[in-house]
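Reading through the structure tokens given below for one structure.
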Amino acid sequence: VQLQASGGGLVQSGDSLRLACVLSARTISVIGMGWFRQAPGKDREFVGSVSNYGVRTYADSVKGRFTISRDNANDAVNLQMNSLKPEDTAVYFCASSSQLCLGSGCYDDLDEFDYWGQGTLVTVSS
């Protein structure tokens, strides 16, 4: 399984950006897909995820500003980021999970994901 993330760049505070992630060479079922981010000197943190059943989960820090969408036909997941803030500056990683998780609280932890993309840098200037 390979994931290719794209769409990062340098924007100003308040701007929008759309990240895309395409999965290829799939050999296993993909149930959850998500986005994480890692700022300089910090741990990788959860941003948002979407299950195969359309259940979306977001980190509190991005709720109301970020929207995750999934294109199952093309094995892709997108992250629409609006009202960006300087604290959103990070390398954003997409990931896929083959683990089945039903109900709430799914696909919001690094350990639930099997494969990771290479990351795309988002820089938000003030």
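Chain labels A, B, ... are given in the sequence in which chains occur in the structure tokens; within each chain residues are numbered consecutively from 1, and ligands are likewise numbered from 1 in the order shown.
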### Query
Mind checking DSSP for chain A and telling me the helix (DSSP H, G or I) residues as a PyMOL selection string?
chain A and resi 72-74+86-88+110-112
Generate the output file for the selected residues, N, CA and C atoms, as a short mmCIF file (atom, residue, chain, number, x, y, z; two decimals), in the first residue's frame.
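Once everything was written out, this is again.cif:
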data_model
loop_
_atom_site.label_atom_id
_atom_site.label_comp_id
_atom_site.auth_asym_id
_atom_site.auth_seq_id
_atom_site.Cartn_x
_atom_site.Cartn_y
_atom_site.Cartn_z
N ASN A 72 -14.22 6.71 -2.19
CA ASN A 72 -13.92 5.28 -2.14
C ASN A 72 -13.62 4.70 -3.52
N ALA A 73 -14.27 5.23 -4.53
CA ALA A 73 -14.06 4.71 -5.87
C ALA A 73 -12.61 4.90 -6.33
N ASN A 74 -11.99 5.98 -5.86
CA ASN A 74 -10.63 6.30 -6.28
C ASN A 74 -9.61 6.12 -5.15
N PRO A 86 -1.78 30.22 12.22
CA PRO A 86 -0.35 29.89 12.29
C PRO A 86 -0.08 28.59 13.04
N GLU A 87 -0.89 28.28 14.03
CA GLU A 87 -0.69 27.05 14.79
C GLU A 87 -1.06 25.80 14.00
N ASP A 88 -1.61 25.95 12.82
CA ASP A 88 -1.87 24.81 11.94
C ASP A 88 -0.63 24.43 11.13
N LEU A 110 -2.67 7.02 16.36
CA LEU A 110 -1.65 6.56 15.41
C LEU A 110 -1.61 5.04 15.30
N ASP A 111 -1.82 4.36 16.41
CA ASP A 111 -1.69 2.90 16.43
C ASP A 111 -2.75 2.19 15.61
N GLU A 112 -3.80 2.90 15.24
CA GLU A 112 -4.87 2.28 14.46
C GLU A 112 -4.55 2.24 12.98
#
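Interatomic distance, CA of Tyr115 (chain A) to CA of Ser69 (chain A): 18.4 Å.
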### Task
Name the residues of chain A that come out as strand (DSSP E) in a backbone DSSP run; write them as an NGL selection string.
:A and (2-6 or 9-12 or 17-24 or 32-38 or 45-51 or 56-58 or 66-71 or 76-81 or 90-97 or 115-116 or 120-125)
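Non-sequential neighbours of region 28-45 of chain A (distance at most 6 Å, separation of 4 or more positions within a chain, only C-alpha atoms) are A:Ser49, A:Val50, A:Ser51, A:Asn52, A:Ala90, A:Val91, A:Tyr92, A:Phe93, A:Cys94, A:Ala95, A:Ser96, A:Ser97, A:Ser98.
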Write a file of the just-selected residues containing N, CA and C atoms, as a compact mmCIF listing (two decimals), in the first residue's frame.
# COMPACT_ATOMS: atom_id res chain seq x y z
N SER A 49 -10.39 11.94 10.54
CA SER A 49 -10.46 10.65 9.87
C SER A 49 -11.87 10.38 9.38
N VAL A 50 -11.96 9.42 8.48
CA VAL A 50 -13.26 9.01 7.97
C VAL A 50 -13.21 7.50 7.74
N SER A 51 -14.25 6.83 8.19
CA SER A 51 -14.31 5.38 8.02
C SER A 51 -14.94 5.03 6.69
N ASN A 52 -14.89 3.75 6.39
CA ASN A 52 -15.51 3.25 5.17
C ASN A 52 -17.02 3.46 5.19
N ALA A 90 2.45 22.72 10.01
CA ALA A 90 2.95 21.38 10.32
C ALA A 90 3.13 20.61 9.02
N VAL A 91 3.77 19.46 9.14
CA VAL A 91 3.76 18.49 8.05
C VAL A 91 2.54 17.62 8.25
N TYR A 92 1.73 17.51 7.21
CA TYR A 92 0.50 16.75 7.29
C TYR A 92 0.70 15.39 6.61
N PHE A 93 0.29 14.35 7.32
CA PHE A 93 0.43 12.99 6.84
C PHE A 93 -0.94 12.34 6.67
N CYS A 94 -1.12 11.63 5.58
CA CYS A 94 -2.32 10.82 5.46
C CYS A 94 -1.97 9.38 5.81
N ALA A 95 -2.97 8.64 6.23
CA ALA A 95 -2.74 7.27 6.67
C ALA A 95 -3.96 6.43 6.39
N SER A 96 -3.73 5.13 6.30
CA SER A 96 -4.84 4.21 6.07
C SER A 96 -4.83 3.12 7.12
N SER A 97 -6.01 2.59 7.39
CA SER A 97 -6.16 1.55 8.40
C SER A 97 -7.00 0.41 7.85
N SER A 98 -6.55 -0.81 8.15
CA SER A 98 -7.31 -1.99 7.78
C SER A 98 -8.05 -2.56 8.98
